Amino acid sequence: MKIGKQTIKLESKPCIYSTSSIVGPKEMQGPLAQYFELHIKDVFFEEKSFEKAESKMLETCINNLLVKTGVSQSDVDVIFSGDLLNQCISSGFAMRNFDIPFLGLYGACSTFCEGLLLSSILIESNAAKQVVASASSHFCSAERQFRMPLEHGNQKSPLAQSTVTGCGSALVTNRAVADNGIHITHVTPGKIIDLGVTDMSNMGAAMAPSVYSTISNHLTDTGRTIDYYDCIFTGDLGVHGSDMLHELFKREGIDISKNHKDCGVLIYDEQNQDVNSGGSGCGCIASVFSSYIFNELKAKNLKKILLIATGALMSPTSSNQGESIPGIAHAIAIENEV
Amino acid sequence: MNTNLNISNSEYDDLISQKAQKSPILRNVIAAFIVGGLICVLGQFINNKMLNLGIDKETASTITSISLIFLAALLTSLNLFSRIGRFAGTGATVPITGFSNSIVAPAIEYKSEGYILGLGANMFKVAGPVLVYGISTSVILGFVYYLLNYVF
């Protein structure tokens, strides 16, 4: 049921039953290493190209999710998946090996929450009982599409972010089928907000206003305050983008810095891993949610969270043509109700 | 809570400049000076060696350029040049070593898309603009030189 201007309240409270994560070698050197379920030792993952490696990671990740939950392919109604590569090839190619209806998404780094949002609405409407939401990114494939060739010797802006090599998948279920107490209670799809940032190496600042818009609309629609949530997790604002978000709230007299965390900041050790402003990419929030955050929810260290995936919807073409970066952010309210 | 952002594009731009971490310019300039200088010293060393071997000046400079291009290409393929570039910035990219790196890097990267449409078509992706405008500039300057010396 729609409440307020842009939030949907899910009466049936679809359950996030299980998650699966896989990351690359650099992420395994970061502070969240112990939480990731699978990892690849080499960025090629025994494949001939980075694109194939990313696709194989996604396939491995979803396979792992199905194996560990014991759900057969025929019981999954739909898979939502997306990535950063042109024409979403990582997802499309990974899905060749699944006998499951597939809906490909492009929301840049907001894809994972877009997938969770659509999954939960499908379940709410009884159109599906079990849905998988996935997203992937790979440092090497994204870098060569959006920036410079990997071996090119250049210096990066301190505001630039480093694409996460990783995938995350979540199995969203109708509670009558499977329930573990972790429920999606509200979803707030975001609007595009563009405050004219044109610097492709400053995506954090380009996305922060859309996060402000989504959070403020979500709270207004639900009548909640920031303190209602144990933590608000954003996808990949990075250090600088998080700073900008805190500033935008400060202008309204609200301090969100205490219960806000950013997956792009959490996944790397900013001081020692040469990642500038932090991690980014669809796989960033997907892998961090599917490992660390989901673990904390299961352990009840977190009970109520707002998960917000953030996307910068530009392309190298639009940036070369001088266009600014449209930002987007989708929010999912997740509560452990056991 | 206010759901509309009360901030104009220019105000937001100012806020970004206020908050953004600046590039460490002094550190970058010093690193570029040292590494760029060392590359030039190496070039001079090769040049002097060639001249000492009795090779004429023009051939010696050619050998120097080729040697530096080879070294940079080798370091690029060993995944070392990108590290030097990250440390030294323009100190590594402005000398001829950077030119070599900017051709070899996309060549490695696009090989997966085949030798013609991948490697061949993308090899000059980074260096292409330098060639276009470098050659255009030298043609224009050559024309001006001709006019000044032979016409007026």
# chains A, B, ... in the order shown; residues from 1 in each chain; ligands from 1

$ select_by_dssp --residues "region 35-219 of chain A" --states "strand (DSSP E)" --output "VMD selection string"
chain A and resid 38 to 39 78 to 82 102 to 105 130 to 137 162 to 163 166 to 173 182 to 188

$ interface_residues --of "chain B" --to "chain A" --cutoff "10 Å" --atoms "only C-alpha atoms" --output "PyMOL selection string"
chain B and resi 1-13+15-16+19-24+28+75-90+92-93+98+100-113+125-126

$ write_last_selection --atoms "C-alpha atoms" --output "CSV table (one decimal), in the first residue's frame"
chain,number,residue,atom,x,y,z
B,1,MET,CA,11.4,17.2,7.8
B,2,ASN,CA,12.0,19.2,4.7
B,3,THR,CA,11.9,16.9,1.7
B,4,ASN,CA,13.1,19.5,-0.7
B,5,LEU,CA,16.7,20.4,-0.9
B,6,ASN,CA,17.0,24.1,-0.2
B,7,ILE,CA,20.3,24.4,-2.0
B,8,SER,CA,21.1,25.8,-5.4
B,9,ASN,CA,23.5,24.2,-7.8
B,10,SER,CA,26.1,26.9,-7.2
B,11,GLU,CA,25.7,26.7,-3.4
B,12,TYR,CA,26.2,23.0,-3.6
B,13,ASP,CA,29.2,23.4,-5.7
B,15,LEU,CA,29.9,23.3,-0.4
B,16,ILE,CA,31.7,20.5,-2.3
B,19,LYS,CA,34.6,19.9,2.0
B,20,ALA,CA,36.5,18.1,-0.7
B,21,GLN,CA,39.9,16.8,0.1
B,22,LYS,CA,42.4,18.6,-2.1
B,23,SER,CA,45.1,16.7,-4.1
B,24,PRO,CA,48.4,16.9,-2.3
B,28,ASN,CA,52.8,15.4,-6.2
B,75,LEU,CA,57.4,-2.1,-17.1
B,76,THR,CA,53.8,-1.6,-18.2
B,77,SER,CA,53.4,-5.3,-19.1
B,78,LEU,CA,54.9,-6.3,-15.8
B,79,ASN,CA,52.2,-4.2,-14.0
B,80,LEU,CA,54.9,-1.9,-12.6
B,81,PHE,CA,54.5,1.3,-14.6
B,82,SER,CA,51.0,1.9,-13.3
B,83,ARG,CA,52.5,2.0,-9.8
B,84,ILE,CA,55.3,4.4,-10.8
B,85,GLY,CA,52.6,6.5,-12.5
B,86,ARG,CA,50.4,6.5,-9.4
B,87,PHE,CA,53.4,7.6,-7.4
B,88,ALA,CA,54.9,10.2,-9.7
B,89,GLY,CA,52.0,11.4,-11.9
B,90,THR,CA,53.2,13.6,-14.7
B,92,ALA,CA,56.3,9.5,-15.4
B,93,THR,CA,53.7,10.3,-18.0
B,98,GLY,CA,54.3,8.0,-20.6
B,100,SER,CA,54.8,4.3,-24.5
B,101,ASN,CA,52.7,3.4,-21.5
B,102,SER,CA,49.6,5.0,-22.9
B,103,ILE,CA,49.8,2.8,-26.0
B,104,VAL,CA,50.8,-0.5,-24.4
B,105,ALA,CA,48.2,-0.2,-21.6
B,106,PRO,CA,45.1,-0.2,-23.9
B,107,ALA,CA,46.8,-2.8,-26.1
B,108,ILE,CA,47.0,-5.2,-23.2
B,109,GLU,CA,43.5,-4.3,-22.0
B,110,TYR,CA,41.7,-4.7,-25.3
B,111,LYS,CA,43.5,-7.8,-26.5
B,112,SER,CA,40.5,-9.8,-25.1
B,113,GLU,CA,38.3,-8.2,-27.8
B,125,LYS,CA,42.7,5.4,-27.5
B,126,VAL,CA,44.7,7.4,-24.9

$ residues_around --residues "Val177 (chain A)" --least-positions-apart "4" --cutoff "12 Å" --atoms "only C-alpha atoms" --output "count of residues only"
16

$ atom_distance --atom1 "CA of Ile256 (chain A)" --atom2 "CA of Gly115 (chain A)"
26.0 Å

$ closest_atom_pairs --of "region 280-337 of chain A" --to "region 92-114 of chain A" --cutoff "12 Å" --atoms "only C-alpha atoms" --output "tab-separated table"
residue	atom	partner	partner_atom	distance
A:Ser280	CA	A:Cys109	CA	7.2
A:Gly281	CA	A:Cys109	CA	5.0
A:Cys282	CA	A:Cys109	CA	4.0
A:Gly283	CA	A:Cys109	CA	7.6
A:Cys284	CA	A:Cys109	CA	7.9
A:Ile285	CA	A:Phe112	CA	7.2
A:Ala286	CA	A:Phe112	CA	5.8
A:Ser287	CA	A:Phe112	CA	9.5
A:Val288	CA	A:Phe112	CA	11.0
A:Phe289	CA	A:Phe112	CA	9.5
A:Ser290	CA	A:Phe112	CA	10.3
A:Leu306	CA	A:Cys113	CA	10.7
A:Leu307	CA	A:Cys113	CA	7.6
A:Ile308	CA	A:Cys113	CA	6.8
A:Ala309	CA	A:Ser110	CA	4.4
A:Thr310	CA	A:Ser110	CA	4.5
A:Gly311	CA	A:Cys109	CA	4.4
A:Ala312	CA	A:Ala108	CA	6.2
A:Leu313	CA	A:Ala108	CA	6.0
A:Met314	CA	A:Ala108	CA	8.6
A:Ser315	CA	A:Ala108	CA	9.7
A:Ile325	CA	A:Ala108	CA	11.8
A:Pro326	CA	A:Ala108	CA	10.8
A:Gly327	CA	A:Ser110	CA	9.5
A:Ile328	CA	A:Ser110	CA	7.1
A:Ala329	CA	A:Ser110	CA	6.2
A:His330	CA	A:Cys113	CA	6.1
A:Ala331	CA	A:Cys113	CA	6.9
A:Ile332	CA	A:Cys113	CA	6.9
A:Ala333	CA	A:Cys113	CA	10.5
A:Ile334	CA	A:Cys113	CA	11.5

$ select_by_dssp --residues "region 29-213 of chain A" --states "helix (DSSP H, G or I)" --output "PyMOL selection string"
chain A and resi 33-35+50-69+73-75+86-97+111-124+139-146+203-213

$ atom_distance --atom1 "CA of Gln44 (chain B)" --atom2 "CA of Ala73 (chain B)"
19.1 Å

$ closest_residue --among "B:Leu147, B:Ile140, B:Ile63, B:Ile69" --to "Phe45 (chain B)" --atoms "only C-alpha atoms"
B:Ile63

$ residues_around --residues "Ile305 (chain A)" --least-positions-apart "5" --cutoff "8 Å" --atoms "only C-alpha atoms" --output "list of chain:residue names"
A:Tyr229, A:Asp230, A:Cys231, A:Ile232, A:Phe233, A:Ala333, A:Ile334, A:Glu335

$ atom_distance --atom1 "CA of Glu37 (chain A)" --atom2 "CA of Phe139 (chain A)"
19.0 Å
